[in-house]
Amino acid sequence: MTTEIKAPSSPLAHIDDYGEIIGDSEIRELRIFAKQLDGPRVKMVNSTSVGGGVAEILNRLVPLLSELGVPTRWEVITAGNQFFAVTKAFHNALHGAAYEGHADWFDIFLATNEENRRRMQFDEDLIVIHDPQPITLVEARDGSKGKWIWRCHIDLSHPSPEVWEFLRPFVERFDASVFSSPAFTQGLKIPQYLVFPTIDPLAEKNRELEPEFIGRVLDKFGIDVKRPILTQISRFDRLKDPVGVIRAYQIVRKHMDCQLVLAGGGAADDPEGAVVLDEVKEAANGDADIHILDLPPWSHLEINALQRASTIVIQKSLREGFGLTVSEALWKMRPVVASAVGGIPSQVLHKLTGMLVHSVEGAAYQIRFLLSNPDFARKLGENGREHVKENFLITHNLKRYMLLFLSLQAQA
Amino acid sequence: MIQAKEPFQFVVASYLIRICREKAAGLAEFSRQLHDCSEASIFFHTFQSLERQHYMSFSNDFAQWILAACNEAPLAEQLTAIDIRDCTSIGELRDSLTSQVDGYLKRNPSATGRIAFEPFYFCEAFEYSAPWGEQATTLAELEEGIRRMSLQTLHHHFINSRLRLRLQTNDFSHWIRNSLELPELARRVDRIDIYVNTLDGLRERLIETIHPWTNR
C-alpha cells in the first residue's frame with residue numbers, strides 16, 4: 001500500500017505565526033490568493049517521508065496549504081530496496097555521473113511505479129509529483145480530470161543521456177514542470193516554472209534556541225565551544241563531498257586551530273549512506289577534532305544547535321539540487337563557504353551573502369580568510385539572513401504554488 | 001482633509017516565473033534572442049528585476065549578466081543607464097535595449113564570438129493581482145495602505161503601473177494628481193528614485209514624502 005502521511009498536528013506553527021517574521025500584510029495576501037483558488041484539492045506524491053529536503057518541505061507545505069483553504073494530501077510511494085538502488089543510480093546519473101545500471105533496472109523502475117499507480121487514486125484537481133522516483137504515475141492521468149505538475153528538485157543541467165531519454169517522455173506528459181533554477185532545465189515542451197525551495201523559520205531546525213541548549217548539545221558531542229567550529233550538515237553522500245571537506249579542514253589546520261563537525265543522517269531512499277560513512281571515518285583517520293555525527297532523522301534541534309554554534313558553515317557539494325542547508329545556515333546569520341554548484345549560487349552571492357568556491361583548496365583558503373576576518377564574516381551572515389527572508393522562506397513557496405495552481409486552473 | 005473624487009483601490013500582487021526554452025551562450029546569441037523573446041521576458045528581466053537589485057551591481061538582469069558572465073562592463077553600464085521610467089511600453093524598452101547591444105557589437109566585433117562564463121537563461125514573469133478589499137479616500141488612508149502593503153504589491157503600484165497606465169507615472173501619483181488634485185505632491189512622489197532605493201527604502205521615501213501633506 002502507499003502510505004498517506006498525516007501532517008504532524010503539534011507543535012507546528014500556524015500560518016498567522018509567520019506574521020511576526022514576514023509581516024501581517026504578507027499573511028493577508030496569502031489568504032487572498034488562497035481565496036482566489038476556490039478550494040481545489042491537491043495531492044503531493046514523493047518517495048520518502050523521512051530524511052532529505054523534499055520530505056522536510058512537504059512536512060510543512062502540506063499543512064499550511066490546507067490551513068489556507070487549499071486541502072492538500074501527501075502520499076509516499078511504497079517500494080523496496082531494489083527500487084531505491086535503481087533510483088539512487090538514476091539520481092547520480094541525472095546529476096551527471098556515468099550510468100552503470102543493469103539491463104533490467106528500467107523494468108524494475110517501471111514495475112514498482114505501476115504497482116503504486118494501481119493502488120493509488122488520482123481524483124484531486126491538482127497532482128504534484130516530486131522528483132523522478134514516482135514519475136511514471138503520470139500514466140494515470142488518462143483517467144483523471146486533474147492537472148499534473150512535475151516538481152523536479154534536482155539539477156538536470158548535465159544528465160546522463162541514457163537515463164534522461166528514458167524519463168523525458170514521462171516528464172512531457174505533465175501539464176507543467178517546476179525547477180529550482182533556470183540552469184536545471186532541459187528545454188522541455190511543457191511549461192517550465194521557477195520555484196525556489198524554502199525553509200521553515202519556525203520549524204525545530206530553524207527556530208531560535210536558548211544558548212544553554214546549544215551548550216548542552218556541544219557538550220553531548222564533545223565539541224569545544226572555545227575553539228572555532230567548522231560544520232557541514234548533510235547526508236553521508238559522495239555528491240556532498242564529505243571527504244573533500246576533511247581535506248579542506250586539514251589544509252586549514254596547518255595554519256589555524258579549529259574543529260570539524262560532519263553531521264547528518266541517511267534518507268530512507270538512499271542506500272549508499274552507510275558505505276560513505278565508512279569512507280568518511282577512514283579519511284578522518286582518528287583525528288579527535290573531527291566529529292562525525294550520524295544523527296537520526298528526528299535530530300532537528302541538534303542540527304539547529306550545531307549550525308548556530310558554528311564559526312563557519314561549509315557546503316562543499318560536488319553536485320546539488322538546491323542545498324537548503326545553505327539557507328538554514330544563512331537564516332542563522334552564519335558565514336557560509338559553499339561550492340558554486342546547483343542552486344547554491346542563488347543563495348550564496350559571492351562576497352555578499354557568503355563565499356563561493358570551486359575546489360578543496362578554494363574552500364580551505366576562504367575558511368582561513370573568514371576565520372581571520374570576523375567582522376567581514378559577520379556582515380556576510382547579516383546579509384545572508386535578509387536574502388533568505390526575501391527569497392527562501394516557506395511563505396514564498398506557498399505563494400508560488402498558489403499562483404501556479406491559479407495559472408493551471410485558468411488553463412482548465 | 002481633502003477627500004478624493006475617486007477612491008484609490010489597493011490590490012495585492014505577486015508573480016510567477018516561467019523559464020523559457022531560449023538561452024544565450026554569448027553576446028551574439030543574446031542579441032538575437034533579445035529581438036525575439038516575449039514581452040513577458042523583457043518585463044521580468046527589467047521591471048521585475050528591480051525588486052531584487054539591491055545585492056547586484058546593476059538594476060537589470062541583462063546588464064548583470066553582461067558584466068558578470070561576458071566581462072563587457074561598458075555595455076553593461078549602457079544597458080543599466082536605460083531608465084524604464086522613460087518607457088511606457090515593453091516595445092519601446094526592447095528597442096532601447098537592442099539598439100545599445102547591436103551598436104556595441106558593431107563597434108566591438110571581437111565581443112561577438114566570445115562564449116560567456118555561463119549562459120543567460122530567459123525567463124518570463126506573469127503577474128497576478130487581486131483586490132485587497134481596502135481603498136483610500138484621503139492621503140492619510142493612502143499612507144496607511146503603503147505602510148501595510150507587501151513589497152511585491154508596492155512594486156506593482158509604483159513600478160509595474162507604468163506599463164498598465166501607459167503613462168510616465170505610477171498609480172499613487174496618478175491618483176494624487178487626478179483624484180486629490182495635488183499636482184505638486186504627485187510630481188514629488190514620481191521623482192523618488194527607484195534605482196537607488198530598495199523596496200523597503202522606497203516605502204520609507206514614499207511615506208516621508210506623503211506624510212507632511214496628510215493634514216493639509
# chains A, B, ... in the order shown; residues from 1 in each chain; ligands from 1
>>> closest_atom_pairs(of="chain B", to="chain A", cutoff="10 Å", atoms="only C-alpha atoms", output="CSV")
residue,atom,partner,partner_atom,distance
B:Val11,CA,A:Glu29,CA,9.4
B:Val12,CA,A:Glu29,CA,6.3
B:Ala13,CA,A:Glu29,CA,8.1
B:Ser14,CA,A:Leu403,CA,8.1
B:Tyr15,CA,A:Leu403,CA,7.3
B:Leu16,CA,A:Leu403,CA,6.3
B:Ile17,CA,A:Leu194,CA,5.4
B:Arg18,CA,A:Tyr193,CA,4.2
B:Ile19,CA,A:Gln192,CA,5.3
B:Cys20,CA,A:Gln192,CA,7.1
B:Arg21,CA,A:Gly187,CA,4.8
B:Glu22,CA,A:Gly187,CA,7.8
B:Lys23,CA,A:Gly187,CA,9.3
B:Glu51,CA,A:Glu390,CA,9.9
B:Arg52,CA,A:Glu390,CA,8.7
B:Tyr55,CA,A:Leu352,CA,7.2
B:Met56,CA,A:Leu349,CA,9.0
B:Glu118,CA,A:Ala183,CA,9.3
B:Pro119,CA,A:Ala183,CA,8.3
B:Phe120,CA,A:Ala183,CA,9.0
B:Tyr121,CA,A:Pro182,CA,6.2
B:Phe122,CA,A:Pro182,CA,8.2
B:Cys123,CA,A:Pro182,CA,7.8
B:Glu124,CA,A:Tyr193,CA,9.1
B:Ala125,CA,A:Tyr193,CA,9.8
B:Phe126,CA,A:Ser407,CA,9.2
B:Glu127,CA,A:Leu403,CA,9.1
B:Tyr128,CA,A:Leu403,CA,7.4
B:Ser129,CA,A:Phe33,CA,8.6
B:Ala130,CA,A:Phe33,CA,7.4
B:Pro131,CA,A:Ile32,CA,8.2
B:Trp132,CA,A:Ile32,CA,7.4
B:Gly133,CA,A:Ile32,CA,9.2
B:Gly145,CA,A:Ser25,CA,9.9
B:Arg147,CA,A:Ser25,CA,9.4
B:Arg148,CA,A:Ser25,CA,5.8
B:Met149,CA,A:Ser25,CA,5.7
B:Ser150,CA,A:Glu26,CA,5.7
B:Leu151,CA,A:Glu26,CA,8.7
B:Gln152,CA,A:Glu26,CA,9.3
B:Thr153,CA,A:Glu29,CA,9.3
>>> write_last_selection(atoms="N, CA and C atoms", output="short mmCIF file (atom, residue, chain, number, x, y, z; two decimals), in the first residue's frame")
data_model
loop_
_atom_site.label_atom_id
_atom_site.label_comp_id
_atom_site.auth_asym_id
_atom_site.auth_seq_id
_atom_site.Cartn_x
_atom_site.Cartn_y
_atom_site.Cartn_z
N VAL B 11 -4.65 46.81 -4.49
CA VAL B 11 -4.71 45.40 -4.88
C VAL B 11 -3.57 44.66 -4.17
N VAL B 12 -3.61 43.35 -4.21
CA VAL B 12 -2.43 42.57 -3.84
C VAL B 12 -1.88 41.98 -5.14
N ALA B 13 -0.57 41.87 -5.20
CA ALA B 13 0.03 41.41 -6.46
C ALA B 13 1.24 40.53 -6.18
N SER B 14 1.43 39.56 -7.03
CA SER B 14 2.64 38.75 -6.99
C SER B 14 2.85 38.17 -8.39
N TYR B 15 3.92 37.44 -8.57
CA TYR B 15 4.18 36.95 -9.93
C TYR B 15 4.76 35.55 -9.90
N LEU B 16 4.50 34.87 -11.00
CA LEU B 16 5.01 33.53 -11.22
C LEU B 16 6.09 33.61 -12.30
N ILE B 17 7.17 32.87 -12.11
CA ILE B 17 8.27 32.94 -13.07
C ILE B 17 8.26 31.70 -13.95
N ARG B 18 8.23 31.92 -15.25
CA ARG B 18 8.30 30.80 -16.20
C ARG B 18 9.68 30.82 -16.85
N ILE B 19 10.29 29.65 -16.94
CA ILE B 19 11.62 29.54 -17.56
C ILE B 19 11.41 29.26 -19.05
N CYS B 20 11.98 30.11 -19.89
CA CYS B 20 11.80 29.93 -21.33
C CYS B 20 12.74 28.85 -21.86
N ARG B 21 12.49 28.40 -23.06
CA ARG B 21 13.39 27.41 -23.67
C ARG B 21 14.65 28.08 -24.21
N GLU B 22 14.58 29.39 -24.44
CA GLU B 22 15.72 30.09 -25.04
C GLU B 22 16.79 30.38 -23.99
N LYS B 23 18.04 30.21 -24.41
CA LYS B 23 19.16 30.68 -23.61
C LYS B 23 20.24 31.17 -24.54
N GLU B 51 13.05 44.51 -8.21
CA GLU B 51 12.66 44.03 -6.89
C GLU B 51 13.83 43.36 -6.17
N ARG B 52 14.78 42.83 -6.93
CA ARG B 52 15.85 42.07 -6.30
C ARG B 52 17.23 42.66 -6.59
N TYR B 55 21.31 43.60 -4.12
CA TYR B 55 22.58 42.92 -3.91
C TYR B 55 23.43 42.94 -5.18
N MET B 56 22.87 43.45 -6.26
CA MET B 56 23.56 43.36 -7.55
C MET B 56 24.23 44.69 -7.90
N GLU B 118 28.80 31.68 -18.22
CA GLU B 118 27.59 30.87 -18.04
C GLU B 118 26.51 31.45 -18.94
N PRO B 119 25.57 30.63 -19.41
CA PRO B 119 24.56 31.14 -20.35
C PRO B 119 23.60 32.10 -19.65
N PHE B 120 22.94 32.90 -20.48
CA PHE B 120 21.83 33.70 -19.97
C PHE B 120 20.54 32.91 -20.21
N TYR B 121 19.78 32.70 -19.17
CA TYR B 121 18.53 31.95 -19.27
C TYR B 121 17.37 32.94 -19.29
N PHE B 122 16.64 32.97 -20.38
CA PHE B 122 15.50 33.87 -20.46
C PHE B 122 14.34 33.30 -19.64
N CYS B 123 13.74 34.18 -18.85
CA CYS B 123 12.57 33.80 -18.05
C CYS B 123 11.45 34.81 -18.34
N GLU B 124 10.27 34.47 -17.90
CA GLU B 124 9.13 35.39 -18.07
C GLU B 124 8.43 35.55 -16.73
N ALA B 125 7.89 36.72 -16.50
CA ALA B 125 7.10 36.92 -15.27
C ALA B 125 5.64 37.11 -15.65
N PHE B 126 4.77 36.42 -14.92
CA PHE B 126 3.33 36.62 -15.10
C PHE B 126 2.78 37.14 -13.79
N GLU B 127 2.30 38.36 -13.85
CA GLU B 127 1.83 38.99 -12.61
C GLU B 127 0.37 38.63 -12.35
N TYR B 128 0.07 38.35 -11.10
CA TYR B 128 -1.31 38.09 -10.67
C TYR B 128 -1.68 39.15 -9.66
N SER B 129 -2.86 39.69 -9.81
CA SER B 129 -3.31 40.66 -8.81
C SER B 129 -4.75 40.34 -8.44
N ALA B 130 -5.12 40.78 -7.25
CA ALA B 130 -6.48 40.55 -6.76
C ALA B 130 -6.83 41.73 -5.86
N PRO B 131 -8.12 42.05 -5.74
CA PRO B 131 -8.49 43.18 -4.86
C PRO B 131 -8.07 42.91 -3.42
N TRP B 132 -7.54 43.94 -2.78
CA TRP B 132 -7.11 43.83 -1.38
C TRP B 132 -8.33 43.95 -0.45
N GLY B 133 -9.38 44.54 -0.99
CA GLY B 133 -10.57 44.73 -0.17
C GLY B 133 -10.52 46.02 0.62
N GLY B 145 -2.10 52.56 3.85
CA GLY B 145 -2.06 51.41 2.94
C GLY B 145 -0.64 51.12 2.50
N ARG B 147 2.07 51.75 4.11
CA ARG B 147 2.77 51.14 5.25
C ARG B 147 2.51 49.65 5.34
N ARG B 148 1.28 49.23 5.02
CA ARG B 148 0.86 47.86 5.29
C ARG B 148 1.00 46.92 4.10
N MET B 149 1.17 47.44 2.91
CA MET B 149 1.19 46.53 1.75
C MET B 149 2.51 45.78 1.67
N SER B 150 2.48 44.62 1.02
CA SER B 150 3.70 43.83 0.86
C SER B 150 4.61 44.52 -0.16
N LEU B 151 5.85 44.09 -0.21
CA LEU B 151 6.81 44.72 -1.13
C LEU B 151 6.43 44.43 -2.59
N GLN B 152 5.92 43.24 -2.85
CA GLN B 152 5.54 42.93 -4.24
C GLN B 152 4.36 43.79 -4.68
N THR B 153 3.46 44.06 -3.74
CA THR B 153 2.33 44.93 -4.07
C THR B 153 2.81 46.37 -4.29
#
>>> residues_around(residues="region 181-188 of chain B", least_positions_apart="5", cutoff="8 Å", atoms="only C-alpha atoms", output="number ranges by chain")
B: 172-174, 176, 209-210, 213
>>> write_last_selection(atoms="C-alpha atoms", output="PDB file, in the first residue's frame")
ATOM      1  CA  PHE B 172      -0.011  56.770  -6.468  1.00  0.00           C
ATOM      2  CA  SER B 173       0.990  59.883  -8.403  1.00  0.00           C
ATOM      3  CA  HIS B 174      -1.766  59.260 -10.929  1.00  0.00           C
ATOM      4  CA  ILE B 176      -2.909  62.088  -6.207  1.00  0.00           C
ATOM      5  CA  THR B 209       7.081  62.475   1.016  1.00  0.00           C
ATOM      6  CA  ILE B 210       3.359  61.972   1.575  1.00  0.00           C
ATOM      7  CA  TRP B 213       0.707  66.658   3.192  1.00  0.00           C
TER       8      TRP B 213
END
>>> residues_around(residues="Arg173 (chain A)", least_positions_apart="5", cutoff="9 Å", atoms="only C-alpha atoms", output="list in words")
Val138, Glu139, Arg141, Trp148, Arg168 and Ile190 of chain A
>>> closest_residue(among="A:Leu61, A:Met256, A:Arg41, A:Ile214", to="Lys145 (chain A)", atoms="only C-alpha atoms")
A:Arg41
>>> closest_residue(among="B:Phe158, B:Phe117, B:Trp175, B:Phe43", to="Leu93 (chain B)", atoms="only C-alpha atoms")
B:Phe43
